[in-house]
>>> print(open('data.pdb').read())   # PDB, C-alpha atoms and all ligand atoms
ATOM      1  CA  MET G   1    -102.356   1.501  17.586
ATOM      2  CA  LYS G   2    -105.321   0.649  19.801
ATOM      3  CA  GLY G   3    -106.529  -1.832  17.190
ATOM      4  CA  THR G   4    -103.261  -3.750  17.140
ATOM      5  CA  SER G   5    -103.067  -4.097  20.920
ATOM      6  CA  LEU G   6    -106.660  -5.341  20.981
ATOM      7  CA  PHE G   7    -105.658  -7.867  18.351
ATOM      8  CA  LYS G   8    -102.712  -8.934  20.511
ATOM      9  CA  TYR G   9    -104.940  -9.499  23.519
ATOM     10  CA  CYS G  10    -107.399 -11.462  21.428
ATOM     11  CA  THR G  11    -104.707 -13.739  20.043
ATOM     12  CA  LEU G  12    -103.598 -14.318  23.621
ATOM     13  CA  LEU G  13    -107.076 -14.853  24.979
ATOM     14  CA  LEU G  14    -108.292 -17.308  22.357
ATOM     15  CA  PRO G  15    -105.812 -20.106  23.122
ATOM     16  CA  ILE G  16    -106.534 -19.676  26.853
ATOM     17  CA  LEU G  17    -110.266 -20.056  26.286
ATOM     18  CA  ALA G  18    -109.606 -23.053  24.043
ATOM     19  CA  LEU G  19    -107.477 -24.614  26.782
ATOM     20  CA  LEU G  20    -110.141 -24.133  29.436
ATOM     21  CA  TYR G  21    -112.796 -25.494  27.097
ATOM     22  CA  SER G  22    -110.782 -28.616  26.337
ATOM     23  CA  PHE G  23    -110.197 -29.273  30.066
ATOM     24  CA  LEU G  24    -113.886 -28.940  30.798
ATOM     25  CA  LEU G  25    -114.681 -31.279  27.916
ATOM     26  CA  ASN G  26    -112.222 -33.863  29.232
ATOM     27  CA  CYS G  27    -113.840 -33.771  32.628
ATOM     28  CA  ALA G  28    -117.486 -33.314  31.879
ATOM     29  CA  MET G  29    -118.120 -35.367  28.770
ATOM     30  CA  ALA G  30    -119.523 -38.791  29.539
ATOM     31  CA  THR G  31    -119.861 -41.097  26.573
ATOM     32  CA  VAL G  32    -122.882 -43.336  26.042
ATOM     33  CA  TYR G  33    -121.950 -46.630  24.371
ATOM     34  CA  THR G  34    -124.453 -49.000  22.823
ATOM     35  CA  VAL G  35    -122.965 -52.413  23.568
ATOM     36  CA  GLY G  36    -122.251 -54.117  20.226
ATOM     37  CA  ASP G  37    -122.877 -50.845  18.363
ATOM     38  CA  GLN G  38    -125.379 -51.549  15.524
ATOM     39  CA  GLU G  39    -125.405 -55.269  16.373
ATOM     40  CA  GLU G  40    -126.622 -54.474  19.879
ATOM     41  CA  TRP G  41    -126.756 -57.321  22.476
ATOM     42  CA  ASN G  42    -127.250 -60.635  20.679
ATOM     43  CA  SER G  43    -125.730 -64.085  20.153
ATOM     44  CA  GLN G  44    -123.885 -63.314  16.921
ATOM     45  CA  THR G  45    -121.462 -60.642  18.035
ATOM     46  CA  ASN G  46    -117.920 -60.899  19.385
ATOM     47  CA  TYR G  47    -118.090 -58.655  22.438
ATOM     48  CA  ALA G  48    -114.482 -59.187  23.420
ATOM     49  CA  SER G  49    -113.341 -57.330  20.317
ATOM     50  CA  TRP G  50    -116.133 -54.760  20.688
ATOM     51  CA  ALA G  51    -114.892 -53.967  24.206
ATOM     52  CA  GLU G  52    -111.284 -53.677  23.059
ATOM     53  CA  ALA G  53    -112.179 -51.010  20.510
ATOM     54  CA  TYR G  54    -112.977 -48.365  23.133
ATOM     55  CA  ASN G  55    -111.475 -46.690  26.170
ATOM     56  CA  PHE G  56    -114.062 -46.457  28.911
ATOM     57  CA  SER G  57    -114.020 -43.731  31.510
ATOM     58  CA  LEU G  58    -115.641 -43.083  34.827
ATOM     59  CA  GLY G  59    -119.151 -41.713  34.237
ATOM     60  CA  ASP G  60    -119.604 -43.348  30.839
ATOM     61  CA  VAL G  61    -122.805 -45.287  30.232
ATOM     62  CA  LEU G  62    -123.258 -48.713  28.611
ATOM     63  CA  VAL G  63    -126.622 -49.348  26.976
ATOM     64  CA  PHE G  64    -127.632 -52.973  26.388
ATOM     65  CA  ARG G  65    -130.424 -53.245  23.791
ATOM     66  CA  TYR G  66    -132.067 -56.602  23.089
ATOM     67  CA  VAL G  67    -135.413 -58.348  22.843
ATOM     68  CA  LYS G  68    -136.608 -58.732  26.414
ATOM     69  CA  GLU G  69    -136.583 -62.353  27.626
ATOM     70  CA  GLN G  70    -134.393 -63.484  24.717
ATOM     71  CA  HIS G  71    -131.354 -62.157  26.567
ATOM     72  CA  ASN G  72    -130.407 -60.510  29.833
ATOM     73  CA  VAL G  73    -127.394 -58.798  31.355
ATOM     74  CA  TYR G  74    -125.630 -59.841  34.533
ATOM     75  CA  GLU G  75    -122.785 -57.888  36.009
ATOM     76  CA  VAL G  76    -120.614 -60.607  37.526
ATOM     77  CA  THR G  77    -117.264 -61.251  39.138
ATOM     78  CA  LYS G  78    -114.237 -62.141  37.055
ATOM     79  CA  ASP G  79    -114.517 -65.801  38.073
ATOM     80  CA  THR G  80    -118.145 -66.003  36.984
ATOM     81  CA  PHE G  81    -117.270 -64.227  33.748
ATOM     82  CA  ARG G  82    -114.672 -66.914  33.106
ATOM     83  CA  SER G  83    -116.809 -69.914  34.070
ATOM     84  CA  CYS G  84    -120.124 -68.614  32.678
ATOM     85  CA  ASN G  85    -121.661 -70.232  35.759
ATOM     86  CA  ALA G  86    -123.969 -67.662  37.327
ATOM     87  CA  SER G  87    -124.923 -69.801  40.321
ATOM     88  CA  SER G  88    -122.614 -67.472  42.239
ATOM     89  CA  GLY G  89    -120.717 -64.256  41.673
ATOM     90  CA  VAL G  90    -123.630 -62.217  40.312
ATOM     91  CA  LEU G  91    -123.420 -58.561  41.302
ATOM     92  CA  ILE G  92    -126.391 -57.008  39.467
ATOM     93  CA  LYS G  93    -129.062 -58.429  37.145
ATOM     94  CA  TYR G  94    -130.659 -56.456  34.310
ATOM     95  CA  ASP G  95    -133.480 -57.690  32.078
ATOM     96  CA  SER G  96    -135.440 -54.687  30.800
ATOM     97  CA  GLY G  97    -134.391 -55.008  27.163
ATOM     98  CA  GLU G  98    -132.814 -51.558  27.334
ATOM     99  CA  ASP G  99    -130.503 -51.542  30.323
ATOM    100  CA  ARG G 100    -128.379 -48.508  31.079
ATOM    101  CA  VAL G 101    -125.318 -49.235  33.181
ATOM    102  CA  LYS G 102    -123.418 -46.221  34.441
ATOM    103  CA  LEU G 103    -119.733 -46.847  35.074
ATOM    104  CA  ASN G 104    -119.590 -45.033  38.388
ATOM    105  CA  LYS G 105    -116.507 -46.735  39.791
ATOM    106  CA  VAL G 106    -112.911 -46.942  38.626
ATOM    107  CA  LYS G 107    -112.712 -50.712  38.319
ATOM    108  CA  LYS G 108    -113.063 -53.685  36.004
ATOM    109  CA  TYR G 109    -116.600 -54.602  35.020
ATOM    110  CA  TRP G 110    -117.576 -58.056  33.775
ATOM    111  CA  PHE G 111    -120.851 -58.718  31.933
ATOM    112  CA  ILE G 112    -122.500 -61.890  30.709
ATOM    113  CA  CYS G 113    -125.830 -62.993  29.283
ATOM    114  CA  ASP G 114    -127.309 -65.723  31.475
ATOM    115  CA  ILE G 115    -129.621 -67.332  28.909
ATOM    116  CA  PRO G 116    -128.295 -70.934  28.609
ATOM    117  CA  GLY G 117    -125.420 -71.212  26.151
ATOM    118  CA  HIS G 118    -125.189 -67.489  25.374
ATOM    119  CA  CYS G 119    -122.286 -66.670  27.689
ATOM    120  CA  LEU G 120    -120.184 -69.589  26.450
ATOM    121  CA  GLY G 121    -121.243 -68.628  22.920
ATOM    122  CA  GLY G 122    -119.625 -65.220  23.290
ATOM    123  CA  MET G 123    -122.135 -62.953  25.030
ATOM    124  CA  ARG G 124    -119.665 -61.776  27.611
ATOM    125  CA  PHE G 125    -117.002 -59.117  27.948
ATOM    126  CA  GLY G 126    -114.905 -57.253  30.460
ATOM    127  CA  ILE G 127    -114.029 -53.582  30.447
ATOM    128  CA  GLU G 128    -112.026 -51.282  32.651
ATOM    129  CA  ALA G 129    -113.487 -47.917  33.635
ATOM    130  CA  ARG G 130    -110.586 -45.522  34.060
ATOM    131  CA  ASN G 131    -110.362 -42.162  35.715
ATOM    132  CA  SER G 132    -111.098 -39.808  32.825
ATOM    133  CA  THR G 133    -109.072 -36.933  34.306
ATOM    134  CA  ILE G 134    -105.839 -38.848  33.720
ATOM    135  CA  ALA G 135    -106.465 -39.552  30.087
ATOM    136  CA  THR G 136    -106.241 -36.493  27.882
ATOM    137  CA  ASN G 137    -105.540 -36.084  24.211
ATOM    138  CA  SER G 138    -105.516 -32.304  24.086
ATOM    139  CA  THR G 139    -103.174 -30.962  21.455
ATOM    140  CA  TYR G 140    -102.350 -28.116  23.827
ATOM    141  CA  ASP G 141    -100.543 -30.568  26.062
ATOM    142  CA  THR G 142     -97.558 -30.245  23.803
ATOM    143  CA  LEU G 143     -97.476 -26.474  24.372
ATOM    144  CA  ILE G 144     -97.634 -26.385  28.157
ATOM    145  CA  PRO G 145     -95.976 -28.445  30.861
ATOM    146  CA  HIS G 146     -97.965 -31.569  31.555
ATOM    147  CA  ILE G 147     -99.092 -31.909  35.164
ATOM    148  CA  GLU G 148     -99.809 -35.417  36.353
ATOM    149  CA  PRO G 149    -102.691 -35.644  38.792
ATOM    150  CA  THR G 150    -101.283 -35.973  42.290
ATOM    151  CA  THR G 151    -103.582 -38.694  43.541
ATOM    152  CA  LEU G 152    -105.442 -41.487  41.818
ATOM    153  CA  ASP G 153    -108.821 -40.431  43.123
ATOM    154  CA  ASN G 154    -108.407 -36.778  42.253
ATOM    155  CA  SER G 155    -111.544 -35.067  41.131
ATOM    156  CA  CYS G 156    -112.248 -32.871  38.171
ATOM    157  CA  ARG G 157    -112.011 -29.826  40.386
ATOM    158  CA  ASN G 158    -108.444 -30.623  41.390
ATOM    159  CA  TYR G 159    -107.548 -31.253  37.796
ATOM    160  CA  ILE G 160    -108.967 -27.962  36.597
ATOM    161  CA  SER G 161    -107.385 -25.979  39.425
ATOM    162  CA  GLU G 162    -104.000 -27.515  38.573
ATOM    163  CA  ARG G 163    -104.451 -26.577  34.944
ATOM    164  CA  TRP G 164    -105.730 -23.156  35.837
ATOM    165  CA  ARG G 165    -102.556 -22.517  37.840
ATOM    166  CA  VAL G 166    -100.518 -23.183  34.699
ATOM    167  CA  ILE G 167    -102.678 -20.872  32.626
ATOM    168  CA  ARG G 168    -102.568 -18.135  35.282
ATOM    169  CA  ASN G 169     -98.791 -18.279  35.256
ATOM    170  CA  LEU G 170     -98.736 -18.050  31.487
ATOM    171  CA  ILE G 171    -100.916 -14.920  31.306
ATOM    172  CA  PRO G 172     -98.348 -12.416  32.709
ATOM    173  CA  LEU G 173     -95.647 -14.078  30.633
ATOM    174  CA  GLY G 174     -97.794 -13.744  27.524
ATOM    175  CA  LEU G 175     -98.626 -10.108  28.267
ATOM    176  CA  LEU G 176     -94.937  -9.387  28.798
ATOM    177  CA  LEU G 177     -93.977 -11.010  25.505
ATOM    178  CA  PHE G 178     -96.690  -9.200  23.555
ATOM    179  CA  ASN G 179     -95.784  -5.815  24.988
ATOM    180  CA  LEU G 180     -92.068  -6.084  24.322
TER
HETATM  181 CU    CU G 201    -128.242 -63.868  25.412
END
>>> encode(input="data.pdb", output="structure tokens")
Amino acid sequence: MKGTSLFKYCTLLLPILALLYSFLLNCAMATVYTVGDQEEWNSQTNYASWAEAYNFSLGDVLVFRYVKEQHNVYEVTKDTFRSCNASSGVLIKYDSGEDRVKLNKVKKYWFICDIPGHCLGGMRFGIEARNSTIATNSTYDTLIPHIEPTTLDNSCRNYISERWRVIRNLIPLGLLLFNL
């Protein structure tokens, strides 16, 4: 009899641990993207379609790899992205050949290469860094009520405490069901 009740508790505990783990993953995992993937940062790649292939989140990192002095990376305003004229609207310049850009704000980022002709030739793209706590693809979301974050700038801690409240409420219910 003792063995079966232990089994019951384990079957209850495992999904809870899996839930917690998936929440932590959603919050803590930052993805590192090499811009252009295998093509890296060069004049032959369509970066608009590269950028569309991914969903970028707060905390993710973009890595620009290229031969130093053959290219560079400017973070620019939307207007400068559109015009490819970097005489104004340049926010940050990178030229190391392996530039790591951390997306540390929820906003739209615009990047160009400022070597003559490269931006107009396609070395430019825009991405939107979203709040990663809003986006979740956990399969467990179908099993428990989904709680929308209350504010746009809510932190991971708020998110986890919201989720934890749901789990905490489910534990007595689960114990009740298993004991009946
Ligand atoms: Cu270039």
>>> residues_near_ligand(input="data.pdb", ligand="ligand CU 201 (chain G)", cutoff="6 Å", atoms="all atoms listed in the file", output="list in words")
Asn42, Ser43, His71, Asn72, Cys113, Ile115 and His118 of chain G
>>> resolve_selection(input="data.pdb", expression="the PyMOL selection byres (((chain G and resi 93-103) around 12) and not hetatm)", output="PyMOL selection string")
chain G and resi 30-35+40-42+56-76+86+89-92+104-115+127-132
>>> write_last_selection(input="data.pdb", atoms="C-alpha atoms", output="short mmCIF file (atom, residue, chain, number, x, y, z; two decimals), keeping the file's coordinate frame")
data_model
loop_
_atom_site.label_atom_id
_atom_site.label_comp_id
_atom_site.auth_asym_id
_atom_site.auth_seq_id
_atom_site.Cartn_x
_atom_site.Cartn_y
_atom_site.Cartn_z
CA ALA G 30 -119.52 -38.79 29.54
CA THR G 31 -119.86 -41.10 26.57
CA VAL G 32 -122.88 -43.34 26.04
CA TYR G 33 -121.95 -46.63 24.37
CA THR G 34 -124.45 -49.00 22.82
CA VAL G 35 -122.96 -52.41 23.57
CA GLU G 40 -126.62 -54.47 19.88
CA TRP G 41 -126.76 -57.32 22.48
CA ASN G 42 -127.25 -60.64 20.68
CA PHE G 56 -114.06 -46.46 28.91
CA SER G 57 -114.02 -43.73 31.51
CA LEU G 58 -115.64 -43.08 34.83
CA GLY G 59 -119.15 -41.71 34.24
CA ASP G 60 -119.60 -43.35 30.84
CA VAL G 61 -122.80 -45.29 30.23
CA LEU G 62 -123.26 -48.71 28.61
CA VAL G 63 -126.62 -49.35 26.98
CA PHE G 64 -127.63 -52.97 26.39
CA ARG G 65 -130.42 -53.24 23.79
CA TYR G 66 -132.07 -56.60 23.09
CA VAL G 67 -135.41 -58.35 22.84
CA LYS G 68 -136.61 -58.73 26.41
CA GLU G 69 -136.58 -62.35 27.63
CA GLN G 70 -134.39 -63.48 24.72
CA HIS G 71 -131.35 -62.16 26.57
CA ASN G 72 -130.41 -60.51 29.83
CA VAL G 73 -127.39 -58.80 31.36
CA TYR G 74 -125.63 -59.84 34.53
CA GLU G 75 -122.78 -57.89 36.01
CA VAL G 76 -120.61 -60.61 37.53
CA ALA G 86 -123.97 -67.66 37.33
CA GLY G 89 -120.72 -64.26 41.67
CA VAL G 90 -123.63 -62.22 40.31
CA LEU G 91 -123.42 -58.56 41.30
CA ILE G 92 -126.39 -57.01 39.47
CA ASN G 104 -119.59 -45.03 38.39
CA LYS G 105 -116.51 -46.74 39.79
CA VAL G 106 -112.91 -46.94 38.63
CA LYS G 107 -112.71 -50.71 38.32
CA LYS G 108 -113.06 -53.68 36.00
CA TYR G 109 -116.60 -54.60 35.02
CA TRP G 110 -117.58 -58.06 33.78
CA PHE G 111 -120.85 -58.72 31.93
CA ILE G 112 -122.50 -61.89 30.71
CA CYS G 113 -125.83 -62.99 29.28
CA ASP G 114 -127.31 -65.72 31.48
CA ILE G 115 -129.62 -67.33 28.91
CA ILE G 127 -114.03 -53.58 30.45
CA GLU G 128 -112.03 -51.28 32.65
CA ALA G 129 -113.49 -47.92 33.64
CA ARG G 130 -110.59 -45.52 34.06
CA ASN G 131 -110.36 -42.16 35.72
CA SER G 132 -111.10 -39.81 32.83
#
>>> resolve_selection(input="data.pdb", expression="the PyMOL selection byres (((chain G and resi 50) around 12) and not hetatm)", output="number ranges by chain")
G: 33-41, 45-49, 51-56, 122-127
>>> atom_distance(input="data.pdb", atom1="atom CA of G:Arg168", atom2="atom CA of G:Thr11")
16.0 Å
>>> atom_distance(input="data.pdb", atom1="atom CA of G:Cys119", atom2="atom CA of G:Cys84")
5.8 Å
>>> atom_distance(input="data.pdb", atom1="atom CA of G:Phe81", atom2="atom CA of G:Leu120")
9.5 Å
>>> axis_aligned_box(input="data.pdb", around="stretch 94-106 of chain G", padding_each_side="3 Å", output="lines of an AutoDock Vina configuration file")
center_x = -124.2
center_y = -51.4
center_z = 33.5
size_x = 28.5
size_y = 18.7
size_z = 18.6
